[in-house]
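Structure file entry_3.pdb (PDB, C-alpha atoms) is printed below.
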```pdb
ATOM      1  CA  MET A   7      38.862 -15.701 -42.927  1.00  0.00           C
ATOM      2  CA  SER A   8      39.551 -11.957 -42.964  1.00  0.00           C
ATOM      3  CA  ARG A   9      38.127  -9.543 -45.509  1.00  0.00           C
ATOM      4  CA  SER A  10      41.550  -9.087 -47.135  1.00  0.00           C
ATOM      5  CA  ASP A  11      41.949 -12.866 -47.482  1.00  0.00           C
ATOM      6  CA  GLU A  12      38.549 -13.072 -49.184  1.00  0.00           C
ATOM      7  CA  VAL A  13      39.507 -10.274 -51.590  1.00  0.00           C
ATOM      8  CA  ARG A  14      42.843 -11.957 -52.379  1.00  0.00           C
ATOM      9  CA  GLY A  15      41.039 -15.250 -52.943  1.00  0.00           C
ATOM     10  CA  LEU A  16      38.533 -13.601 -55.277  1.00  0.00           C
ATOM     11  CA  VAL A  17      41.271 -11.791 -57.209  1.00  0.00           C
ATOM     12  CA  GLY A  18      43.176 -15.068 -57.541  1.00  0.00           C
ATOM     13  CA  GLU A  19      40.040 -16.818 -58.814  1.00  0.00           C
ATOM     14  CA  VAL A  20      39.376 -14.117 -61.415  1.00  0.00           C
ATOM     15  CA  LYS A  21      43.008 -14.252 -62.570  1.00  0.00           C
ATOM     16  CA  ALA A  22      42.745 -18.028 -62.965  1.00  0.00           C
ATOM     17  CA  GLN A  23      39.541 -17.660 -64.985  1.00  0.00           C
ATOM     18  CA  ILE A  24      41.099 -15.037 -67.242  1.00  0.00           C
ATOM     19  CA  GLY A  25      44.170 -17.229 -67.692  1.00  0.00           C
ATOM     20  CA  ILE A  26      42.129 -20.311 -68.626  1.00  0.00           C
ATOM     21  CA  LEU A  27      39.782 -18.574 -71.054  1.00  0.00           C
ATOM     22  CA  GLY A  28      42.568 -16.400 -72.434  1.00  0.00           C
ATOM     23  CA  GLY A  29      44.723 -19.468 -72.993  1.00  0.00           C
ATOM     24  CA  PHE A  30      41.977 -21.277 -74.910  1.00  0.00           C
ATOM     25  CA  VAL A  31      41.084 -18.279 -77.061  1.00  0.00           C
ATOM     26  CA  GLY A  32      44.739 -17.345 -77.569  1.00  0.00           C
ATOM     27  CA  LEU A  33      45.465 -20.851 -78.854  1.00  0.00           C
ATOM     28  CA  MET A  34      42.458 -20.716 -81.215  1.00  0.00           C
ATOM     29  CA  TRP A  35      43.577 -17.376 -82.640  1.00  0.00           C
ATOM     30  CA  ALA A  36      47.231 -18.384 -82.934  1.00  0.00           C
ATOM     31  CA  LEU A  37      46.290 -21.559 -84.809  1.00  0.00           C
ATOM     32  CA  GLU A  38      43.930 -19.713 -87.161  1.00  0.00           C
ATOM     33  CA  ILE A  39      46.545 -17.066 -87.961  1.00  0.00           C
ATOM     34  CA  LEU A  40      49.066 -19.840 -88.617  1.00  0.00           C
ATOM     35  CA  ASP A  41      46.473 -21.635 -90.737  1.00  0.00           C
ATOM     36  CA  LEU A  42      46.037 -18.515 -92.872  1.00  0.00           C
ATOM     37  CA  PHE A  43      49.717 -18.687 -93.780  1.00  0.00           C
ATOM     38  CA  LEU A  44      49.461 -22.438 -94.405  1.00  0.00           C
ATOM     39  CA  GLY A  45      46.510 -22.081 -96.759  1.00  0.00           C
ATOM     40  CA  GLY A  46      44.080 -23.946 -94.484  1.00  0.00           C
ATOM     41  CA  ALA A  47      46.325 -26.979 -94.054  1.00  0.00           C
ATOM     42  CA  LEU A  48      45.501 -27.332 -90.355  1.00  0.00           C
ATOM     43  CA  ASP A  49      41.830 -27.984 -91.108  1.00  0.00           C
ATOM     44  CA  GLN A  50      42.716 -31.568 -92.036  1.00  0.00           C
ATOM     45  CA  PHE A  51      43.120 -32.195 -88.284  1.00  0.00           C
ATOM     46  CA  GLY A  52      39.370 -31.772 -87.802  1.00  0.00           C
ATOM     47  CA  ILE A  53      36.856 -34.583 -87.369  1.00  0.00           C
ATOM     48  CA  TRP A  54      36.488 -36.883 -90.395  1.00  0.00           C
ATOM     49  CA  PRO A  55      33.345 -38.938 -89.727  1.00  0.00           C
ATOM     50  CA  ARG A  56      33.884 -42.692 -89.404  1.00  0.00           C
ATOM     51  CA  SER A  57      37.517 -42.428 -90.488  1.00  0.00           C
ATOM     52  CA  LEU A  58      40.045 -43.827 -88.030  1.00  0.00           C
ATOM     53  CA  ILE A  59      42.458 -40.936 -88.571  1.00  0.00           C
ATOM     54  CA  GLY A  60      39.522 -38.557 -88.211  1.00  0.00           C
ATOM     55  CA  LEU A  61      39.244 -39.442 -84.531  1.00  0.00           C
ATOM     56  CA  ARG A  62      42.152 -37.104 -83.828  1.00  0.00           C
ATOM     57  CA  GLY A  63      39.726 -34.294 -84.559  1.00  0.00           C
ATOM     58  CA  VAL A  64      37.883 -35.031 -81.304  1.00  0.00           C
ATOM     59  CA  LEU A  65      40.865 -33.379 -79.608  1.00  0.00           C
ATOM     60  CA  PHE A  66      41.912 -30.845 -82.250  1.00  0.00           C
ATOM     61  CA  ALA A  67      38.679 -29.676 -83.927  1.00  0.00           C
ATOM     62  CA  PRO A  68      37.548 -27.208 -81.213  1.00  0.00           C
ATOM     63  CA  PHE A  69      40.743 -25.204 -81.702  1.00  0.00           C
ATOM     64  CA  LEU A  70      40.507 -25.000 -85.519  1.00  0.00           C
ATOM     65  CA  HIS A  71      38.274 -22.734 -87.603  1.00  0.00           C
ATOM     66  CA  GLY A  72      37.436 -22.312 -91.270  1.00  0.00           C
ATOM     67  CA  ASN A  73      38.300 -18.602 -91.361  1.00  0.00           C
ATOM     68  CA  LEU A  74      38.508 -15.510 -89.170  1.00  0.00           C
ATOM     69  CA  LEU A  75      34.757 -14.854 -89.361  1.00  0.00           C
ATOM     70  CA  HIS A  76      34.095 -18.384 -88.092  1.00  0.00           C
ATOM     71  CA  LEU A  77      36.537 -17.824 -85.237  1.00  0.00           C
ATOM     72  CA  ILE A  78      35.101 -14.410 -84.344  1.00  0.00           C
ATOM     73  CA  ALA A  79      31.574 -15.871 -84.279  1.00  0.00           C
ATOM     74  CA  ASN A  80      32.712 -18.496 -81.745  1.00  0.00           C
ATOM     75  CA  THR A  81      35.025 -16.347 -79.614  1.00  0.00           C
ATOM     76  CA  VAL A  82      32.456 -14.104 -77.894  1.00  0.00           C
ATOM     77  CA  PRO A  83      29.952 -16.828 -76.849  1.00  0.00           C
ATOM     78  CA  PHE A  84      32.857 -19.086 -75.857  1.00  0.00           C
ATOM     79  CA  LEU A  85      34.192 -16.405 -73.502  1.00  0.00           C
ATOM     80  CA  ILE A  86      30.799 -15.507 -72.018  1.00  0.00           C
ATOM     81  CA  LEU A  87      29.385 -19.012 -71.593  1.00  0.00           C
ATOM     82  CA  GLY A  88      32.764 -20.453 -70.584  1.00  0.00           C
ATOM     83  CA  TRP A  89      33.046 -17.818 -67.857  1.00  0.00           C
ATOM     84  CA  LEU A  90      29.501 -18.545 -66.658  1.00  0.00           C
ATOM     85  CA  VAL A  91      30.416 -22.242 -66.383  1.00  0.00           C
ATOM     86  CA  MET A  92      33.238 -21.359 -63.993  1.00  0.00           C
ATOM     87  CA  LEU A  93      31.415 -18.532 -62.206  1.00  0.00           C
ATOM     88  CA  ARG A  94      30.536 -20.660 -59.184  1.00  0.00           C
ATOM     89  CA  ARG A  95      33.621 -22.902 -59.261  1.00  0.00           C
ATOM     90  CA  THR A  96      36.521 -22.398 -61.642  1.00  0.00           C
ATOM     91  CA  SER A  97      37.278 -26.115 -61.372  1.00  0.00           C
ATOM     92  CA  ASP A  98      33.938 -26.941 -63.093  1.00  0.00           C
ATOM     93  CA  PHE A  99      35.386 -25.727 -66.389  1.00  0.00           C
ATOM     94  CA  TRP A 100      37.717 -28.683 -66.911  1.00  0.00           C
ATOM     95  CA  PRO A 101      35.342 -31.640 -66.499  1.00  0.00           C
ATOM     96  CA  VAL A 102      32.596 -29.831 -68.414  1.00  0.00           C
ATOM     97  CA  THR A 103      34.987 -29.045 -71.283  1.00  0.00           C
ATOM     98  CA  ILE A 104      36.381 -32.590 -71.436  1.00  0.00           C
ATOM     99  CA  ILE A 105      32.935 -34.234 -71.345  1.00  0.00           C
ATOM    100  CA  VAL A 106      31.583 -31.873 -74.010  1.00  0.00           C
ATOM    101  CA  MET A 107      34.600 -32.351 -76.277  1.00  0.00           C
ATOM    102  CA  LEU A 108      34.271 -36.125 -76.069  1.00  0.00           C
ATOM    103  CA  VAL A 109      30.504 -36.301 -76.567  1.00  0.00           C
ATOM    104  CA  SER A 110      30.429 -33.634 -79.283  1.00  0.00           C
ATOM    105  CA  GLY A 111      33.441 -35.043 -81.087  1.00  0.00           C
ATOM    106  CA  LEU A 112      32.451 -38.692 -80.944  1.00  0.00           C
ATOM    107  CA  GLY A 113      28.817 -37.921 -81.802  1.00  0.00           C
ATOM    108  CA  THR A 114      29.943 -35.941 -84.836  1.00  0.00           C
ATOM    109  CA  TRP A 115      32.398 -38.671 -85.832  1.00  0.00           C
ATOM    110  CA  LEU A 116      29.669 -41.316 -85.634  1.00  0.00           C
ATOM    111  CA  PHE A 117      26.702 -39.504 -87.183  1.00  0.00           C
ATOM    112  CA  ALA A 118      27.917 -36.735 -89.506  1.00  0.00           C
ATOM    113  CA  SER A 119      28.021 -37.241 -93.263  1.00  0.00           C
ATOM    114  CA  PRO A 120      31.060 -39.068 -94.641  1.00  0.00           C
ATOM    115  CA  PHE A 121      33.700 -37.183 -96.637  1.00  0.00           C
ATOM    116  CA  THR A 122      33.208 -34.008 -94.589  1.00  0.00           C
ATOM    117  CA  ILE A 123      35.537 -32.273 -92.132  1.00  0.00           C
ATOM    118  CA  HIS A 124      34.169 -30.705 -88.945  1.00  0.00           C
ATOM    119  CA  ILE A 125      36.051 -27.954 -87.118  1.00  0.00           C
ATOM    120  CA  GLY A 126      35.264 -25.130 -84.709  1.00  0.00           C
ATOM    121  CA  ALA A 127      34.583 -24.357 -81.055  1.00  0.00           C
ATOM    122  CA  SER A 128      30.812 -24.218 -81.508  1.00  0.00           C
ATOM    123  CA  GLY A 129      30.454 -27.734 -80.064  1.00  0.00           C
ATOM    124  CA  LEU A 130      31.979 -26.381 -76.848  1.00  0.00           C
ATOM    125  CA  VAL A 131      29.762 -23.294 -76.969  1.00  0.00           C
ATOM    126  CA  PHE A 132      26.623 -25.432 -77.283  1.00  0.00           C
ATOM    127  CA  GLY A 133      27.966 -27.739 -74.579  1.00  0.00           C
ATOM    128  CA  TYR A 134      28.379 -24.856 -72.149  1.00  0.00           C
ATOM    129  CA  LEU A 135      24.864 -23.725 -73.070  1.00  0.00           C
ATOM    130  CA  GLY A 136      23.468 -27.210 -72.378  1.00  0.00           C
ATOM    131  CA  PHE A 137      25.325 -27.362 -69.063  1.00  0.00           C
ATOM    132  CA  LEU A 138      24.100 -23.973 -67.877  1.00  0.00           C
ATOM    133  CA  LEU A 139      20.501 -24.551 -68.965  1.00  0.00           C
ATOM    134  CA  SER A 140      20.198 -27.994 -67.380  1.00  0.00           C
ATOM    135  CA  ARG A 141      22.191 -27.505 -64.174  1.00  0.00           C
ATOM    136  CA  GLY A 142      19.204 -25.839 -62.533  1.00  0.00           C
ATOM    137  CA  TYR A 143      17.100 -28.937 -63.168  1.00  0.00           C
ATOM    138  CA  PHE A 144      19.674 -31.349 -61.760  1.00  0.00           C
ATOM    139  CA  GLU A 145      20.752 -29.295 -58.743  1.00  0.00           C
ATOM    140  CA  ARG A 146      17.425 -27.697 -57.811  1.00  0.00           C
ATOM    141  CA  SER A 147      19.152 -24.860 -55.952  1.00  0.00           C
ATOM    142  CA  PHE A 148      17.995 -21.251 -56.193  1.00  0.00           C
ATOM    143  CA  GLY A 149      21.311 -20.068 -57.645  1.00  0.00           C
ATOM    144  CA  SER A 150      21.546 -22.727 -60.341  1.00  0.00           C
ATOM    145  CA  ILE A 151      17.871 -22.309 -61.343  1.00  0.00           C
ATOM    146  CA  LEU A 152      18.332 -18.534 -61.551  1.00  0.00           C
ATOM    147  CA  MET A 153      21.435 -18.993 -63.706  1.00  0.00           C
ATOM    148  CA  SER A 154      19.568 -21.401 -65.997  1.00  0.00           C
ATOM    149  CA  LEU A 155      16.763 -18.856 -66.414  1.00  0.00           C
ATOM    150  CA  ILE A 156      19.172 -15.982 -67.143  1.00  0.00           C
ATOM    151  CA  VAL A 157      21.122 -18.037 -69.695  1.00  0.00           C
ATOM    152  CA  GLY A 158      17.860 -19.226 -71.241  1.00  0.00           C
ATOM    153  CA  ILE A 159      16.665 -15.635 -71.681  1.00  0.00           C
ATOM    154  CA  LEU A 160      19.981 -14.399 -73.094  1.00  0.00           C
ATOM    155  CA  TYR A 161      21.038 -17.389 -75.199  1.00  0.00           C
ATOM    156  CA  GLY A 162      17.956 -19.605 -75.536  1.00  0.00           C
ATOM    157  CA  GLY A 163      17.601 -18.681 -79.204  1.00  0.00           C
ATOM    158  CA  MET A 164      20.829 -20.523 -79.936  1.00  0.00           C
ATOM    159  CA  ILE A 165      19.027 -23.819 -79.345  1.00  0.00           C
ATOM    160  CA  TRP A 166      17.855 -23.817 -82.968  1.00  0.00           C
ATOM    161  CA  GLY A 167      21.479 -24.405 -83.960  1.00  0.00           C
ATOM    162  CA  VAL A 168      21.109 -28.085 -83.028  1.00  0.00           C
ATOM    163  CA  LEU A 169      18.796 -28.568 -86.022  1.00  0.00           C
ATOM    164  CA  PRO A 170      19.967 -29.115 -89.635  1.00  0.00           C
ATOM    165  CA  THR A 171      18.788 -25.723 -90.849  1.00  0.00           C
ATOM    166  CA  ARG A 172      21.885 -24.462 -92.734  1.00  0.00           C
ATOM    167  CA  ILE A 173      24.230 -26.147 -95.177  1.00  0.00           C
ATOM    168  CA  GLY A 174      27.873 -26.037 -94.126  1.00  0.00           C
ATOM    169  CA  ILE A 175      27.104 -25.806 -90.399  1.00  0.00           C
ATOM    170  CA  SER A 176      27.988 -28.815 -88.253  1.00  0.00           C
ATOM    171  CA  TRP A 177      24.645 -29.166 -86.529  1.00  0.00           C
ATOM    172  CA  GLN A 178      25.816 -32.593 -85.317  1.00  0.00           C
ATOM    173  CA  GLY A 179      28.611 -30.902 -83.371  1.00  0.00           C
ATOM    174  CA  HIS A 180      26.077 -28.472 -81.907  1.00  0.00           C
ATOM    175  CA  LEU A 181      23.578 -31.186 -81.017  1.00  0.00           C
ATOM    176  CA  PHE A 182      26.063 -33.554 -79.404  1.00  0.00           C
ATOM    177  CA  GLY A 183      27.847 -30.658 -77.704  1.00  0.00           C
ATOM    178  CA  PHE A 184      24.516 -29.650 -76.155  1.00  0.00           C
ATOM    179  CA  ILE A 185      23.891 -33.256 -75.082  1.00  0.00           C
ATOM    180  CA  GLY A 186      27.414 -33.384 -73.636  1.00  0.00           C
ATOM    181  CA  GLY A 187      26.653 -30.287 -71.573  1.00  0.00           C
ATOM    182  CA  ILE A 188      23.525 -31.917 -70.155  1.00  0.00           C
ATOM    183  CA  ILE A 189      25.535 -35.046 -69.305  1.00  0.00           C
ATOM    184  CA  ALA A 190      28.170 -32.876 -67.593  1.00  0.00           C
ATOM    185  CA  ALA A 191      25.479 -31.090 -65.548  1.00  0.00           C
ATOM    186  CA  TRP A 192      24.051 -34.441 -64.474  1.00  0.00           C
ATOM    187  CA  MET A 193      27.495 -35.845 -63.579  1.00  0.00           C
ATOM    188  CA  LEU A 194      28.610 -32.769 -61.631  1.00  0.00           C
ATOM    189  CA  SER A 195      25.380 -32.227 -59.712  1.00  0.00           C
ATOM    190  CA  LYS A 196      25.185 -33.399 -56.134  1.00  0.00           C
ATOM    191  CA  PRO A 197      23.007 -36.454 -55.519  1.00  0.00           C
ATOM    192  CA  ARG A 198      19.547 -35.265 -54.558  1.00  0.00           C
ATOM    193  CA  SER A 199      19.544 -37.413 -51.432  1.00  0.00           C
ATOM    194  CA  SER A 200      22.530 -35.471 -50.078  1.00  0.00           C
ATOM    195  CA  ARG A 201      21.009 -32.021 -50.575  1.00  0.00           C
ATOM    196  CA  SER A 202      19.482 -30.049 -47.775  1.00  0.00           C
ATOM    197  CA  TYR A 203      16.021 -28.692 -48.486  1.00  0.00           C
TER     198      TYR A 203
END
```

Take the structure in the file and give it back as structure tokens.
Amino acid sequence: MSRSDEVRGLVGEVKAQIGILGGFVGLMWALEILDLFLGGALDQFGIWPRSLIGLRGVLFAPFLHGNLLHLIANTVPFLILGWLVMLRRTSDFWPVTIIVMLVSGLGTWLFASPFTIHIGASGLVFGYLGFLLSRGYFERSFGSILMSLIVGILYGGMIWGVLPTRIGISWQGHLFGFIGGIIAAWMLSKPRSSRSY
């Protein structure tokens, strides 16, 4: 492969990453702006624990937010950690996101307090954190261990968000998102027997 082909491939990869992350964040912002005009009516599509209709929130909740401050607080870590998930392979983003959404959403639906509604992308953010922190353990490669250490130094303090320390924060979404990220890292890692040492 020539140098120009490598550059074109890299540029194409970066464009794909920008398109994916931009699409997710653009949808979150568009829905929140629409929700402002609807007086918060879209929030009803979040996760309602142990309610059959509340299961739809497993799909919709990550794209909905309580207000603009909630959305802003999730946007920056979503972009940074989401990009780090796809830094090695852009294709990693999709299975990690799907696994985290399912585990975070279903865990919240099963274990959160009844008569509450859970919305926000923080489950995904904590899922990406769990994936990046644990991938080094499962893969045992220099690059993945280095990435785990860097993410741990920069974002390790977020881990306290999985504990019930603040009222009104869906710590269940954080906790099960983090667990979902670990599951995704385990599922996407190569079997140890097939690695070269």

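Every protein or nucleic acid residue with an atom no more than 7 Å from region 134-148 of chain A, counting only C-alpha atoms and leaving out same-chain residues fewer than 3 positions away, appears here: Leu87, Gly88, Val91, Leu130, Val131, Ile151, Leu152, Ser154, Val157, Gly158, Phe184, Ile185, Gly187, Ile188, Ala190, Ala191, Trp192, Ser195 and Lys196 of chain A.
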
Self-check item: Selected residue, from A:His124, A:Arg95, A:Arg14, A:Arg9, that lies nearest to Phe66 (chain A) when counting all atoms listed in the file
Solution: A:His124

Practice problem: Tell me which of A:His180, A:Val13, A:Gly149, A:Gln23 sits closest to Asp98 (chain A), counting all atoms listed in the file. | Solution: A:Gln23

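The coordinates place CA of Phe43 (chain A) at 22.6 Å from CA of Gly28 (chain A).
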
Quiz item: Smallest atom-to-atom distance to Glu38 (chain A): which of A:Gly18, A:Gly126, A:Pro83, A:Gly111, using only C-alpha atoms?
Solution: A:Gly126

When you look at Trp115 (chain A) with a cut-off of 12 Å (counting all atoms listed in the file), what residues show up, excluding the ones that are within fewer than 3 positions of it in the same chain? I need them as a PDB file with C-alpha atoms, in the coordinates of the input.
```pdb
ATOM      1  CA  GLY A  52      39.370 -31.772 -87.802  1.00  0.00           C
ATOM      2  CA  ILE A  53      36.856 -34.583 -87.369  1.00  0.00           C
ATOM      3  CA  TRP A  54      36.488 -36.883 -90.395  1.00  0.00           C
ATOM      4  CA  PRO A  55      33.345 -38.938 -89.727  1.00  0.00           C
ATOM      5  CA  ARG A  56      33.884 -42.692 -89.404  1.00  0.00           C
ATOM      6  CA  SER A  57      37.517 -42.428 -90.488  1.00  0.00           C
ATOM      7  CA  LEU A  58      40.045 -43.827 -88.030  1.00  0.00           C
ATOM      8  CA  ILE A  59      42.458 -40.936 -88.571  1.00  0.00           C
ATOM      9  CA  GLY A  60      39.522 -38.557 -88.211  1.00  0.00           C
ATOM     10  CA  LEU A  61      39.244 -39.442 -84.531  1.00  0.00           C
ATOM     11  CA  ARG A  62      42.152 -37.104 -83.828  1.00  0.00           C
ATOM     12  CA  GLY A  63      39.726 -34.294 -84.559  1.00  0.00           C
ATOM     13  CA  VAL A  64      37.883 -35.031 -81.304  1.00  0.00           C
ATOM     14  CA  LEU A  65      40.865 -33.379 -79.608  1.00  0.00           C
ATOM     15  CA  ALA A  67      38.679 -29.676 -83.927  1.00  0.00           C
ATOM     16  CA  MET A 107      34.600 -32.351 -76.277  1.00  0.00           C
ATOM     17  CA  LEU A 108      34.271 -36.125 -76.069  1.00  0.00           C
ATOM     18  CA  VAL A 109      30.504 -36.301 -76.567  1.00  0.00           C
ATOM     19  CA  SER A 110      30.429 -33.634 -79.283  1.00  0.00           C
ATOM     20  CA  GLY A 111      33.441 -35.043 -81.087  1.00  0.00           C
ATOM     21  CA  LEU A 112      32.451 -38.692 -80.944  1.00  0.00           C
ATOM     22  CA  ALA A 118      27.917 -36.735 -89.506  1.00  0.00           C
ATOM     23  CA  SER A 119      28.021 -37.241 -93.263  1.00  0.00           C
ATOM     24  CA  PRO A 120      31.060 -39.068 -94.641  1.00  0.00           C
ATOM     25  CA  PHE A 121      33.700 -37.183 -96.637  1.00  0.00           C
ATOM     26  CA  THR A 122      33.208 -34.008 -94.589  1.00  0.00           C
ATOM     27  CA  ILE A 123      35.537 -32.273 -92.132  1.00  0.00           C
ATOM     28  CA  HIS A 124      34.169 -30.705 -88.945  1.00  0.00           C
ATOM     29  CA  ILE A 125      36.051 -27.954 -87.118  1.00  0.00           C
ATOM     30  CA  SER A 176      27.988 -28.815 -88.253  1.00  0.00           C
ATOM     31  CA  GLN A 178      25.816 -32.593 -85.317  1.00  0.00           C
ATOM     32  CA  GLY A 179      28.611 -30.902 -83.371  1.00  0.00           C
ATOM     33  CA  PHE A 182      26.063 -33.554 -79.404  1.00  0.00           C
TER      34      PHE A 182
END
```

Practice problem: Please measure the separation of CA of Gly183 (chain A) and CA of His71 (chain A), giving the value in Å to one decimal. | Solution: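 So the answer is 16.4 Å.
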
Exercise. Using CA of Ala79 (chain A) and CA of Gly167 (chain A) as the two end points, give the distance in Å to one decimal.
Key: 13.2 Å

Quiz item: Neighbours of Asn80 (chain A) within 7 Å (only C-alpha atoms; same-chain residues fewer than 3 positions away dropped), as a ChimeraX atom specification?
Solution: /A:76-77,83-84,127-128

Practice problem: Just say which residues the PyMOL selection byres ((chain A and resi 34) around 9) picks in this file, as a ChimeraX atom specification. | Solution: /A:29-33,35-39,68-71,77,81,127
